[in-house]
file my_file04.csv (CSV, C-alpha atoms)
chain,number,residue,atom,x,y,z
A,248,MET,CA,12.3,-22.4,-22.7
A,249,SER,CA,11.3,-22.1,-26.4
A,250,ASN,CA,8.8,-23.3,-28.9
A,251,PRO,CA,9.6,-25.5,-32.0
A,252,LEU,CA,10.5,-22.3,-33.8
A,253,LEU,CA,13.1,-21.5,-31.2
A,254,GLN,CA,11.2,-18.5,-30.0
A,255,PRO,CA,11.7,-17.9,-26.3
A,256,LEU,CA,8.6,-18.4,-24.1
A,257,GLY,CA,7.6,-17.6,-20.5
A,258,ALA,CA,7.6,-20.3,-17.9
A,259,LEU,CA,4.6,-22.6,-18.0
A,260,LEU,CA,2.2,-22.2,-15.0
A,261,PRO,CA,0.3,-25.5,-15.0
A,262,ASP,CA,-1.2,-25.0,-11.6
A,263,TRP,CA,-2.2,-21.3,-12.2
A,264,CYS,CA,-5.7,-20.4,-11.2
A,265,PRO,CA,-6.8,-16.7,-11.1
A,266,PRO,CA,-7.4,-15.6,-7.5
A,267,PRO,CA,-10.7,-14.2,-6.3
A,268,PRO,CA,-11.2,-10.5,-5.8
A,269,PRO,CA,-10.3,-9.7,-2.2
A,270,PRO,CA,-13.3,-9.8,0.1
A,271,HIS,CA,-13.8,-6.2,1.4
A,272,THR,CA,-13.7,-7.1,5.0
A,273,LEU,CA,-11.9,-6.2,8.2
A,274,LEU,CA,-8.2,-7.0,8.3
A,275,GLN,CA,-6.4,-6.8,11.7
A,276,GLY,CA,-3.1,-7.6,13.4
A,277,HIS,CA,0.0,-6.1,14.9
A,278,GLY,CA,-2.2,-3.5,16.7
A,279,CYS,CA,-3.7,-2.3,13.5
A,280,ARG,CA,-7.3,-2.5,12.1
A,281,LEU,CA,-8.0,-2.0,8.4
A,282,GLU,CA,-11.7,-1.2,8.3
A,283,PRO,CA,-13.6,-1.0,5.0
A,284,VAL,CA,-14.3,2.7,4.7
A,285,ASP,CA,-17.7,3.9,5.9
A,286,ALA,CA,-18.0,7.6,5.2
A,287,ALA,CA,-20.6,8.1,8.0
A,288,ARG,CA,-18.2,6.6,10.6
A,289,HIS,CA,-14.7,7.6,9.3
A,290,ALA,CA,-15.0,10.9,7.5
A,291,GLN,CA,-14.9,13.2,10.5
A,292,PRO,CA,-12.1,11.4,12.4
A,293,LEU,CA,-10.0,11.1,9.3
A,294,PHE,CA,-10.6,14.8,8.4
A,295,ASP,CA,-9.5,15.7,12.0
A,296,ALA,CA,-6.4,13.6,11.7
A,297,PHE,CA,-5.5,15.0,8.3
A,298,ALA,CA,-6.0,18.5,9.7
A,299,GLU,CA,-3.0,18.0,12.0
A,300,ASP,CA,-1.0,18.8,8.8
A,301,PRO,CA,-1.8,22.5,8.6
A,302,ASP,CA,0.4,23.1,5.6
A,303,GLY,CA,-1.3,20.3,3.6
A,304,ALA,CA,2.0,18.7,2.6
A,305,LEU,CA,0.4,15.2,2.6
A,306,TRP,CA,-1.7,16.2,-0.4
A,307,THR,CA,1.0,17.4,-2.7
A,308,TYR,CA,1.5,14.3,-4.7
A,309,LEU,CA,-2.0,12.8,-4.3
A,310,PRO,CA,-4.5,13.1,-7.2
A,311,TYR,CA,-7.2,14.1,-4.7
A,312,GLY,CA,-7.5,16.5,-1.7
A,313,PRO,CA,-7.2,18.6,0.2
A,314,PHE,CA,-10.8,18.6,1.4
A,315,ALA,CA,-12.5,21.7,2.6
A,316,ASP,CA,-14.4,19.9,5.4
A,317,ALA,CA,-15.5,16.5,6.5
A,318,THR,CA,-18.5,16.6,4.3
A,319,ALA,CA,-16.3,17.0,1.2
A,320,LEU,CA,-14.1,14.1,2.4
A,321,ALA,CA,-17.2,12.0,3.0
A,322,ALA,CA,-18.4,12.6,-0.6
A,323,TRP,CA,-15.1,11.5,-1.9
A,324,LEU,CA,-15.1,8.4,0.3
A,325,ASP,CA,-18.6,7.5,-0.9
A,326,SER,CA,-17.5,7.8,-4.5
A,327,LYS,CA,-15.2,4.9,-4.0
A,328,ARG,CA,-17.9,2.5,-2.8
A,329,GLY,CA,-18.9,-0.4,-5.0
A,330,LEU,CA,-16.0,-0.1,-7.5
A,331,SER,CA,-15.0,-3.5,-8.9
A,332,ASP,CA,-11.3,-2.7,-9.3
A,333,GLN,CA,-10.7,-0.7,-6.0
A,334,GLN,CA,-11.2,-1.1,-2.3
A,335,LEU,CA,-10.6,1.6,0.3
A,336,TYR,CA,-9.8,1.0,4.0
A,337,ALA,CA,-9.4,3.2,7.0
A,338,ILE,CA,-6.2,2.6,9.0
A,339,VAL,CA,-7.3,2.4,12.7
A,340,ASP,CA,-5.1,2.2,15.8
A,341,ALA,CA,-6.6,-0.8,17.6
A,342,ALA,CA,-5.5,0.6,21.0
A,343,SER,CA,-7.2,4.0,20.7
A,344,GLY,CA,-9.8,3.3,18.0
A,345,ALA,CA,-8.5,6.4,16.2
A,346,ALA,CA,-8.8,6.4,12.4
A,347,LEU,CA,-5.5,7.9,11.2
A,348,GLY,CA,-5.2,7.3,7.5
A,349,LEU,CA,-6.3,5.5,4.3
A,350,CYS,CA,-5.0,2.7,2.2
A,351,GLY,CA,-6.6,0.6,-0.5
A,352,TYR,CA,-6.3,-1.9,-3.3
A,353,LEU,CA,-6.2,-0.5,-6.8
A,354,ARG,CA,-6.1,-2.1,-10.3
A,355,ILE,CA,-7.4,-5.4,-9.0
A,356,GLN,CA,-6.7,-7.8,-11.9
A,357,PRO,CA,-7.5,-11.4,-10.9
A,358,GLU,CA,-7.0,-12.6,-14.4
A,359,ALA,CA,-3.3,-11.5,-14.3
A,360,GLY,CA,-2.9,-12.2,-10.6
A,361,SER,CA,-1.9,-8.6,-10.1
A,362,ILE,CA,-3.0,-6.1,-7.5
A,363,GLU,CA,-1.8,-2.6,-6.5
A,364,VAL,CA,-1.7,-0.9,-3.1
A,365,GLY,CA,-2.6,2.8,-3.3
A,366,ASN,CA,-4.6,5.7,-2.0
A,367,LEU,CA,-2.0,5.9,0.8
A,368,THR,CA,-3.1,9.0,2.8
A,369,TYR,CA,-1.2,9.2,6.1
A,370,SER,CA,-1.9,11.8,8.8
A,371,PRO,CA,1.1,13.1,10.7
A,372,ARG,CA,0.5,10.7,13.5
A,373,LEU,CA,0.6,7.8,11.1
A,374,GLN,CA,3.6,8.8,9.1
A,375,ARG,CA,6.8,6.8,9.8
A,376,SER,CA,5.0,4.8,12.5
A,377,ARG,CA,4.9,1.2,13.4
A,378,LEU,CA,1.2,1.3,12.6
A,379,ALA,CA,1.8,2.4,9.0
A,380,THR,CA,4.1,-0.6,8.4
A,381,ALA,CA,1.6,-3.0,10.1
A,382,ALA,CA,-1.1,-1.8,7.7
A,383,MET,CA,1.2,-2.5,4.7
A,384,ALA,CA,2.0,-6.0,6.1
A,385,LEU,CA,-1.7,-6.8,6.5
A,386,MET,CA,-2.5,-5.7,2.9
A,387,MET,CA,0.3,-7.8,1.5
A,388,GLU,CA,-0.4,-10.8,3.6
A,389,ASN,CA,-4.0,-10.8,2.5
A,390,ALA,CA,-3.2,-10.4,-1.2
A,391,PHE,CA,-0.6,-13.1,-1.4
A,392,ALA,CA,-2.7,-15.5,0.8
A,393,LEU,CA,-5.5,-15.1,-1.8
A,394,GLY,CA,-3.1,-16.2,-4.6
A,395,TYR,CA,-2.0,-13.0,-6.2
A,396,ARG,CA,1.4,-13.3,-7.8
A,397,ARG,CA,2.3,-9.6,-8.3
A,398,TYR,CA,1.8,-6.7,-5.8
A,399,GLU,CA,2.4,-3.2,-7.1
A,400,TRP,CA,3.3,0.2,-5.6
A,401,LYS,CA,3.3,3.3,-7.8
A,402,CYS,CA,3.9,6.9,-7.0
A,403,ASN,CA,4.9,10.2,-8.4
A,404,ALA,CA,8.5,9.8,-9.4
A,405,LEU,CA,9.2,13.2,-7.6
A,406,ASN,CA,7.7,11.9,-4.3
A,407,ALA,CA,11.0,10.9,-2.7
A,408,PRO,CA,9.4,9.9,0.7
A,409,SER,CA,7.1,7.4,-1.2
A,410,CYS,CA,10.0,6.0,-3.2
A,411,ARG,CA,12.0,5.5,0.0
A,412,ALA,CA,9.0,3.8,1.7
A,413,ALA,CA,8.7,1.4,-1.2
A,414,GLU,CA,12.4,0.5,-1.0
A,415,ARG,CA,12.2,0.2,2.8
A,416,LEU,CA,9.3,-2.3,2.5
A,417,GLY,CA,11.3,-4.4,0.1
A,418,PHE,CA,9.7,-3.5,-3.2
A,419,THR,CA,11.8,-3.8,-6.4
A,420,PHE,CA,12.1,-0.7,-8.6
A,421,GLU,CA,11.0,-1.4,-12.1
A,422,GLY,CA,11.4,1.9,-13.8
A,423,ILE,CA,9.6,5.2,-14.6
A,424,PHE,CA,6.7,5.7,-16.9
A,425,ARG,CA,7.4,9.1,-18.4
A,426,GLN,CA,4.4,11.5,-18.8
A,427,ALA,CA,2.2,8.8,-17.4
A,428,THR,CA,-0.7,11.1,-16.5
A,429,VAL,CA,-1.7,14.6,-15.6
A,430,VAL,CA,-2.5,15.3,-11.9
A,431,LYS,CA,-3.9,18.6,-10.6
A,432,GLY,CA,-2.8,20.2,-13.9
A,433,ARG,CA,0.8,19.0,-13.7
A,434,ASN,CA,2.7,16.3,-15.5
A,435,ARG,CA,3.3,13.2,-13.5
A,436,ASP,CA,6.0,10.7,-14.2
A,437,THR,CA,5.2,7.5,-12.3
A,438,ALA,CA,7.7,5.2,-10.6
A,439,TRP,CA,6.8,1.5,-10.6
A,440,TYR,CA,7.7,-1.0,-7.9
A,441,SER,CA,6.6,-4.6,-7.2
A,442,ILE,CA,6.9,-7.6,-5.0
A,443,LEU,CA,6.3,-11.0,-6.5
A,444,ASP,CA,4.8,-14.0,-4.8
A,445,HIS,CA,8.1,-16.0,-4.5
A,446,GLU,CA,9.6,-12.9,-2.7
A,447,TRP,CA,6.9,-12.7,-0.2
A,448,PRO,CA,7.9,-15.4,2.3
A,449,ARG,CA,11.2,-13.8,3.0
A,450,LEU,CA,9.6,-10.3,3.3
A,451,ARG,CA,6.8,-11.7,5.5
A,452,ASP,CA,9.4,-13.0,8.0
A,453,ALA,CA,11.2,-9.7,7.9
A,454,TYR,CA,8.0,-7.8,8.7
A,455,ALA,CA,7.2,-10.2,11.5
A,456,ARG,CA,10.7,-9.7,13.1
A,457,TRP,CA,10.5,-5.9,12.7
A,458,LEU,CA,6.9,-5.7,14.1
A,459,ALA,CA,7.8,-7.9,17.1
A,460,PRO,CA,7.4,-6.0,20.5
A,461,ASP,CA,11.0,-6.7,21.4
A,462,ASN,CA,12.2,-4.6,18.4
A,463,PHE,CA,10.9,-1.5,20.2
A,464,ASP,CA,12.2,0.2,23.3
A,465,GLU,CA,10.1,1.6,26.1
A,466,ALA,CA,9.6,4.9,24.2
A,467,GLY,CA,8.4,3.0,21.1
A,468,ARG,CA,11.6,3.6,19.1
A,469,GLN,CA,12.8,0.8,16.8
A,470,ARG,CA,15.9,-1.1,17.7
A,471,HIS,CA,16.6,-2.3,14.2
A,472,ALA,CA,15.5,-0.6,11.0
A,473,LEU,CA,13.1,-2.5,8.7
A,474,SER,CA,15.5,-1.8,5.7
A,475,THR,CA,18.2,-3.9,7.4
A,476,ARG,CA,15.8,-6.9,7.3
A,477,THR,CA,14.2,-6.4,3.9
A,478,GLY,CA,17.4,-5.4,2.1
A,479,SER,CA,18.3,-9.0,1.5
A,480,ALA,CA,15.1,-9.8,-0.3
A,481,PRO,CA,15.5,-10.6,-4.0

call {"tool": "encode", "arguments": {"input": "my_file04.csv", "output": "structure tokens"}}
result
Amino acid sequence: MSNPLLQPLGALLPDWCPPPPPPHTLLQGHGCRLEPVDAARHAQPLFDAFAEDPDGALWTYLPYGPFADATALAAWLDSKRGLSDQQLYAIVDAASGAALGLCGYLRIQPEAGSIEVGNLTYSPRLQRSRLATAAMALMMENAFALGYRRYEWKCNALNAPSCRAAERLGFTFEGIFRQATVVKGRNRDTAWYSILDHEWPRLRDAYARWLAPDNFDEAGRQRHALSTRTGSAP
């Protein structure tokens, strides 16, 4: 498509309407609850869950933490309240009621139809679990249902587990922003990934099949890897 000057143009979006900011409300499904963070209720159980990583490896690539105690974590959680371009959720196991991690929306840009998932802070019990994938599926489902057209994942380019997680979930790698920022006194190159709205239906079906109870044996082990289902997504 081009204009009368034969300059190429992007596709017209005649029906495009900017989506609303996501309501900061409970999201639930697949045995997972995403609860809007309440420092008074979530700080202590989250601190206890994070403390199960005594070496503090989960904080290495994050721009915040570790926290000295639950009071310090509560103060950080409180600092995220009321921000127009961010929302923070506690990832809660619906069966036990245990808060095991954090996730959130960042860079909420309704005018562009773009939203980022971030602040992913997973305790050892949450890492590589069905619950962690359920949380990501709920976040995506909510964003695309609201009308967002671009869903972003960004991480430190040296954070190999986060890069692998993005690929497993079906994100497309878009490149590395060199010297993007400074985190904890060190250079950070940032890897960018995305899922677009037209890619979501296929990925939504892949998540549903992977999260189905019959994909797990009696010990809770997966029968089929998620990457075998998301790998065909465009």

call {"tool": "closest_atom_pairs", "arguments": {"input": "my_file04.csv", "of": "range 275-385 of chain A", "to": "range 459-475 of chain A", "cutoff": "12 Å", "atoms": "all atoms listed in the file", "output": "Markdown table"}}
result
| residue | atom | partner | partner_atom | distance |
| --- | --- | --- | --- | --- |
| A:Gly276 | CA | A:Ala459 | CA | 11.5 |
| A:His277 | CA | A:Ala459 | CA | 8.3 |
| A:Gly278 | CA | A:Pro460 | CA | 10.6 |
| A:Arg375 | CA | A:Arg468 | CA | 10.9 |
| A:Ser376 | CA | A:Arg468 | CA | 9.4 |
| A:Arg377 | CA | A:Gln469 | CA | 8.6 |
| A:Leu378 | CA | A:Gly467 | CA | 11.3 |
| A:Thr380 | CA | A:Leu473 | CA | 9.2 |
| A:Ala381 | CA | A:Ala459 | CA | 10.6 |
| A:Ala384 | CA | A:Leu473 | CA | 11.9 |

call {"tool": "write_last_selection", "arguments": {"input": "my_file04.csv", "atoms": "C-alpha atoms", "output": "mmCIF file, in the frame of the given file"}}
result
data_model
loop_
_atom_site.group_PDB
_atom_site.id
_atom_site.type_symbol
_atom_site.label_atom_id
_atom_site.label_comp_id
_atom_site.auth_asym_id
_atom_site.auth_seq_id
_atom_site.Cartn_x
_atom_site.Cartn_y
_atom_site.Cartn_z
ATOM 1 C CA GLY A 276 -3.100 -7.600 13.400
ATOM 2 C CA HIS A 277 0.000 -6.100 14.900
ATOM 3 C CA GLY A 278 -2.200 -3.500 16.700
ATOM 4 C CA ARG A 375 6.800 6.800 9.800
ATOM 5 C CA SER A 376 5.000 4.800 12.500
ATOM 6 C CA ARG A 377 4.900 1.200 13.400
ATOM 7 C CA LEU A 378 1.200 1.300 12.600
ATOM 8 C CA THR A 380 4.100 -0.600 8.400
ATOM 9 C CA ALA A 381 1.600 -3.000 10.100
ATOM 10 C CA ALA A 384 2.000 -6.000 6.100
#

call {"tool": "atom_distance", "arguments": {"input": "my_file04.csv", "atom1": "CA of Phe418 in chain A", "atom2": "CA of Ser441 in chain A"}}
result
5.2 Å

call {"tool": "residues_around", "arguments": {"input": "my_file04.csv", "residues": "range 307-315 of chain A", "least_positions_apart": "3", "cutoff": "12 Å", "atoms": "all atoms listed in the file", "output": "PDB file with C-alpha atoms, in the frame of the given file"}}
result
ATOM      1  CA  ALA A 290     -15.000  10.900   7.500  1.00  0.00           C
ATOM      2  CA  GLN A 291     -14.900  13.200  10.500  1.00  0.00           C
ATOM      3  CA  LEU A 293     -10.000  11.100   9.300  1.00  0.00           C
ATOM      4  CA  PHE A 294     -10.600  14.800   8.400  1.00  0.00           C
ATOM      5  CA  ASP A 295      -9.500  15.700  12.000  1.00  0.00           C
ATOM      6  CA  PHE A 297      -5.500  15.000   8.300  1.00  0.00           C
ATOM      7  CA  ALA A 298      -6.000  18.500   9.700  1.00  0.00           C
ATOM      8  CA  ASP A 300      -1.000  18.800   8.800  1.00  0.00           C
ATOM      9  CA  PRO A 301      -1.800  22.500   8.600  1.00  0.00           C
ATOM     10  CA  ASP A 302       0.400  23.100   5.600  1.00  0.00           C
ATOM     11  CA  GLY A 303      -1.300  20.300   3.600  1.00  0.00           C
ATOM     12  CA  ALA A 304       2.000  18.700   2.600  1.00  0.00           C
ATOM     13  CA  THR A 318     -18.500  16.600   4.300  1.00  0.00           C
ATOM     14  CA  ALA A 319     -16.300  17.000   1.200  1.00  0.00           C
ATOM     15  CA  LEU A 320     -14.100  14.100   2.400  1.00  0.00           C
ATOM     16  CA  ALA A 321     -17.200  12.000   3.000  1.00  0.00           C
ATOM     17  CA  ALA A 322     -18.400  12.600  -0.600  1.00  0.00           C
ATOM     18  CA  TRP A 323     -15.100  11.500  -1.900  1.00  0.00           C
ATOM     19  CA  LEU A 324     -15.100   8.400   0.300  1.00  0.00           C
ATOM     20  CA  GLY A 365      -2.600   2.800  -3.300  1.00  0.00           C
ATOM     21  CA  ASN A 366      -4.600   5.700  -2.000  1.00  0.00           C
ATOM     22  CA  LEU A 367      -2.000   5.900   0.800  1.00  0.00           C
ATOM     23  CA  THR A 368      -3.100   9.000   2.800  1.00  0.00           C
ATOM     24  CA  TYR A 369      -1.200   9.200   6.100  1.00  0.00           C
ATOM     25  CA  LYS A 401       3.300   3.300  -7.800  1.00  0.00           C
ATOM     26  CA  CYS A 402       3.900   6.900  -7.000  1.00  0.00           C
ATOM     27  CA  ASN A 403       4.900  10.200  -8.400  1.00  0.00           C
ATOM     28  CA  ALA A 404       8.500   9.800  -9.400  1.00  0.00           C
ATOM     29  CA  LEU A 405       9.200  13.200  -7.600  1.00  0.00           C
ATOM     30  CA  ASN A 406       7.700  11.900  -4.300  1.00  0.00           C
ATOM     31  CA  ALA A 407      11.000  10.900  -2.700  1.00  0.00           C
ATOM     32  CA  PRO A 408       9.400   9.900   0.700  1.00  0.00           C
ATOM     33  CA  SER A 409       7.100   7.400  -1.200  1.00  0.00           C
ATOM     34  CA  CYS A 410      10.000   6.000  -3.200  1.00  0.00           C
ATOM     35  CA  THR A 428      -0.700  11.100 -16.500  1.00  0.00           C
ATOM     36  CA  VAL A 429      -1.700  14.600 -15.600  1.00  0.00           C
ATOM     37  CA  VAL A 430      -2.500  15.300 -11.900  1.00  0.00           C
ATOM     38  CA  LYS A 431      -3.900  18.600 -10.600  1.00  0.00           C
ATOM     39  CA  GLY A 432      -2.800  20.200 -13.900  1.00  0.00           C
ATOM     40  CA  ARG A 433       0.800  19.000 -13.700  1.00  0.00           C
ATOM     41  CA  ASN A 434       2.700  16.300 -15.500  1.00  0.00           C
ATOM     42  CA  ARG A 435       3.300  13.200 -13.500  1.00  0.00           C
ATOM     43  CA  ASP A 436       6.000  10.700 -14.200  1.00  0.00           C
ATOM     44  CA  THR A 437       5.200   7.500 -12.300  1.00  0.00           C
TER      45      THR A 437
END

call {"tool": "closest_residue", "arguments": {"input": "my_file04.csv", "among": "A:Gly257, A:Pro357, A:Gly348, A:Pro283", "to": "Arg328 in chain A", "atoms": "only C-alpha atoms"}}
result
A:Pro283

call {"tool": "axis_aligned_box", "arguments": {"input": "my_file04.csv", "around": "range 305-310 of chain A", "padding_each_side": "6 Å", "output": "JSON"}}
result
{"center_x": -1.5, "center_y": 15.1, "center_z": -2.3, "size_x": 18.0, "size_y": 16.6, "size_z": 21.8}

call {"tool": "closest_residue", "arguments": {"input": "my_file04.csv", "among": "A:Ala438, A:Asp444, A:Asp332, A:Ala455", "to": "Arg411 in chain A", "atoms": "only C-alpha atoms"}}
result
A:Ala438

call {"tool": "closest_residue", "arguments": {"input": "my_file04.csv", "among": "A:Pro269, A:Gly422, A:Pro292, A:Gly478", "to": "Glu446 in chain A", "atoms": "all atoms listed in the file"}}
result
A:Gly478

call {"tool": "closest_residue", "arguments": {"input": "my_file04.csv", "among": "A:Leu256, A:Leu330, A:Ile442, A:Leu347", "to": "Thr419 in chain A", "atoms": "only C-alpha atoms"}}
result
A:Ile442

call {"tool": "closest_residue", "arguments": {"input": "my_file04.csv", "among": "A:Glu399, A:Glu388, A:Glu358, A:Glu299", "to": "Pro265 in chain A", "atoms": "all atoms listed in the file"}}
result
A:Glu358

call {"tool": "decode", "arguments": {"input": "my_file04.csv", "residues": "range 431-441 of chain A", "atoms": "all heavy atoms", "output": "PDB file, in the first residue's frame"}}
result
ATOM      1  N   LYS A 431      21.212  -1.755  38.811  1.00  0.00           N
ATOM      2  CA  LYS A 431      22.077  -2.113  39.943  1.00  0.00           C
ATOM      3  C   LYS A 431      23.538  -1.836  39.613  1.00  0.00           C
ATOM      4  O   LYS A 431      24.436  -2.626  39.951  1.00  0.00           O
ATOM      5  CB  LYS A 431      21.856  -3.575  40.347  1.00  0.00           C
ATOM      6  CG  LYS A 431      20.456  -3.851  40.875  1.00  0.00           C
ATOM      7  CD  LYS A 431      20.243  -5.314  41.202  1.00  0.00           C
ATOM      8  CE  LYS A 431      18.841  -5.538  41.774  1.00  0.00           C
ATOM      9  NZ  LYS A 431      18.530  -6.966  42.000  1.00  0.00           N
ATOM     10  N   GLY A 432      23.766  -0.705  38.925  1.00  0.00           N
ATOM     11  CA  GLY A 432      25.124  -0.278  38.626  1.00  0.00           C
ATOM     12  C   GLY A 432      25.781  -0.992  37.463  1.00  0.00           C
ATOM     13  O   GLY A 432      26.963  -0.767  37.193  1.00  0.00           O
ATOM     14  N   ARG A 433      25.011  -1.823  36.752  1.00  0.00           N
ATOM     15  CA  ARG A 433      25.577  -2.569  35.622  1.00  0.00           C
ATOM     16  C   ARG A 433      24.817  -2.263  34.335  1.00  0.00           C
ATOM     17  O   ARG A 433      23.620  -1.973  34.357  1.00  0.00           O
ATOM     18  CB  ARG A 433      25.520  -4.086  35.887  1.00  0.00           C
ATOM     19  CG  ARG A 433      26.394  -4.536  37.053  1.00  0.00           C
ATOM     20  CD  ARG A 433      26.316  -6.044  37.239  1.00  0.00           C
ATOM     21  NE  ARG A 433      27.112  -6.477  38.386  1.00  0.00           N
ATOM     22  CZ  ARG A 433      28.410  -6.763  38.329  1.00  0.00           C
ATOM     23  NH1 ARG A 433      29.053  -6.666  37.158  1.00  0.00           N
ATOM     24  NH2 ARG A 433      29.067  -7.147  39.412  1.00  0.00           N
ATOM     25  N   ASN A 434      25.536  -2.357  33.216  1.00  0.00           N
ATOM     26  CA  ASN A 434      24.881  -2.202  31.924  1.00  0.00           C
ATOM     27  C   ASN A 434      23.853  -3.303  31.719  1.00  0.00           C
ATOM     28  O   ASN A 434      24.056  -4.452  32.111  1.00  0.00           O
ATOM     29  CB  ASN A 434      25.910  -2.278  30.794  1.00  0.00           C
ATOM     30  CG  ASN A 434      25.247  -2.248  29.424  1.00  0.00           C
ATOM     31  OD1 ASN A 434      24.665  -1.246  29.034  1.00  0.00           O
ATOM     32  ND2 ASN A 434      25.308  -3.365  28.714  1.00  0.00           N
ATOM     33  N   ARG A 435      22.744  -2.928  31.095  1.00  0.00           N
ATOM     34  CA  ARG A 435      21.757  -3.934  30.690  1.00  0.00           C
ATOM     35  C   ARG A 435      21.413  -3.745  29.219  1.00  0.00           C
ATOM     36  O   ARG A 435      20.943  -2.690  28.807  1.00  0.00           O
ATOM     37  CB  ARG A 435      20.477  -3.836  31.525  1.00  0.00           C
ATOM     38  CG  ARG A 435      19.358  -4.714  30.955  1.00  0.00           C
ATOM     39  CD  ARG A 435      18.142  -4.803  31.820  1.00  0.00           C
ATOM     40  NE  ARG A 435      16.932  -4.901  31.028  1.00  0.00           N
ATOM     41  CZ  ARG A 435      15.763  -5.351  31.477  1.00  0.00           C
ATOM     42  NH1 ARG A 435      15.657  -5.736  32.732  1.00  0.00           N
ATOM     43  NH2 ARG A 435      14.711  -5.389  30.691  1.00  0.00           N
ATOM     44  N   ASP A 436      21.665  -4.790  28.435  1.00  0.00           N
ATOM     45  CA  ASP A 436      21.118  -4.901  27.096  1.00  0.00           C
ATOM     46  C   ASP A 436      19.773  -5.606  27.244  1.00  0.00           C
ATOM     47  O   ASP A 436      19.669  -6.605  27.968  1.00  0.00           O
ATOM     48  CB  ASP A 436      22.026  -5.738  26.192  1.00  0.00           C
ATOM     49  CG  ASP A 436      23.375  -5.078  25.940  1.00  0.00           C
ATOM     50  OD1 ASP A 436      23.538  -3.891  26.265  1.00  0.00           O
ATOM     51  OD2 ASP A 436      24.269  -5.770  25.415  1.00  0.00           O
ATOM     52  N   THR A 437      18.755  -5.114  26.578  1.00  0.00           N
ATOM     53  CA  THR A 437      17.405  -5.641  26.764  1.00  0.00           C
ATOM     54  C   THR A 437      16.934  -6.398  25.526  1.00  0.00           C
ATOM     55  O   THR A 437      16.968  -5.867  24.410  1.00  0.00           O
ATOM     56  CB  THR A 437      16.414  -4.508  27.076  1.00  0.00           C
ATOM     57  OG1 THR A 437      16.788  -3.907  28.318  1.00  0.00           O
ATOM     58  CG2 THR A 437      14.990  -5.030  27.196  1.00  0.00           C
ATOM     59  N   ALA A 438      16.511  -7.646  25.732  1.00  0.00           N
ATOM     60  CA  ALA A 438      15.928  -8.456  24.662  1.00  0.00           C
ATOM     61  C   ALA A 438      14.431  -8.184  24.595  1.00  0.00           C
ATOM     62  O   ALA A 438      13.755  -8.175  25.630  1.00  0.00           O
ATOM     63  CB  ALA A 438      16.192  -9.934  24.925  1.00  0.00           C
ATOM     64  N   TRP A 439      13.926  -7.950  23.392  1.00  0.00           N
ATOM     65  CA  TRP A 439      12.509  -7.635  23.165  1.00  0.00           C
ATOM     66  C   TRP A 439      11.818  -8.808  22.483  1.00  0.00           C
ATOM     67  O   TRP A 439      12.347  -9.379  21.507  1.00  0.00           O
ATOM     68  CB  TRP A 439      12.370  -6.402  22.269  1.00  0.00           C
ATOM     69  CG  TRP A 439      12.646  -5.094  22.933  1.00  0.00           C
ATOM     70  CD1 TRP A 439      13.750  -4.737  23.641  1.00  0.00           C
ATOM     71  CD2 TRP A 439      11.781  -3.950  22.926  1.00  0.00           C
ATOM     72  NE1 TRP A 439      13.633  -3.442  24.084  1.00  0.00           N
ATOM     73  CE2 TRP A 439      12.443  -2.931  23.661  1.00  0.00           C
ATOM     74  CE3 TRP A 439      10.537  -3.685  22.372  1.00  0.00           C
ATOM     75  CZ2 TRP A 439      11.891  -1.670  23.854  1.00  0.00           C
ATOM     76  CZ3 TRP A 439       9.987  -2.421  22.562  1.00  0.00           C
ATOM     77  CH2 TRP A 439      10.650  -1.427  23.301  1.00  0.00           C
ATOM     78  N   TYR A 440      10.622  -9.136  22.976  1.00  0.00           N
ATOM     79  CA  TYR A 440       9.772 -10.182  22.398  1.00  0.00           C
ATOM     80  C   TYR A 440       8.345  -9.645  22.321  1.00  0.00           C
ATOM     81  O   TYR A 440       7.970  -8.742  23.073  1.00  0.00           O
ATOM     82  CB  TYR A 440       9.773 -11.440  23.275  1.00  0.00           C
ATOM     83  CG  TYR A 440      11.112 -12.123  23.439  1.00  0.00           C
ATOM     84  CD1 TYR A 440      12.029 -11.680  24.380  1.00  0.00           C
ATOM     85  CD2 TYR A 440      11.447 -13.222  22.653  1.00  0.00           C
ATOM     86  CE1 TYR A 440      13.260 -12.308  24.542  1.00  0.00           C
ATOM     87  CE2 TYR A 440      12.672 -13.857  22.813  1.00  0.00           C
ATOM     88  CZ  TYR A 440      13.573 -13.391  23.756  1.00  0.00           C
ATOM     89  OH  TYR A 440      14.784 -14.025  23.902  1.00  0.00           O
ATOM     90  N   SER A 441       7.546 -10.216  21.439  1.00  0.00           N
ATOM     91  CA  SER A 441       6.148  -9.778  21.353  1.00  0.00           C
ATOM     92  C   SER A 441       5.245 -10.902  20.861  1.00  0.00           C
ATOM     93  O   SER A 441       5.694 -11.863  20.224  1.00  0.00           O
ATOM     94  CB  SER A 441       6.000  -8.577  20.413  1.00  0.00           C
ATOM     95  OG  SER A 441       6.198  -8.982  19.069  1.00  0.00           O
TER      96      SER A 441
END
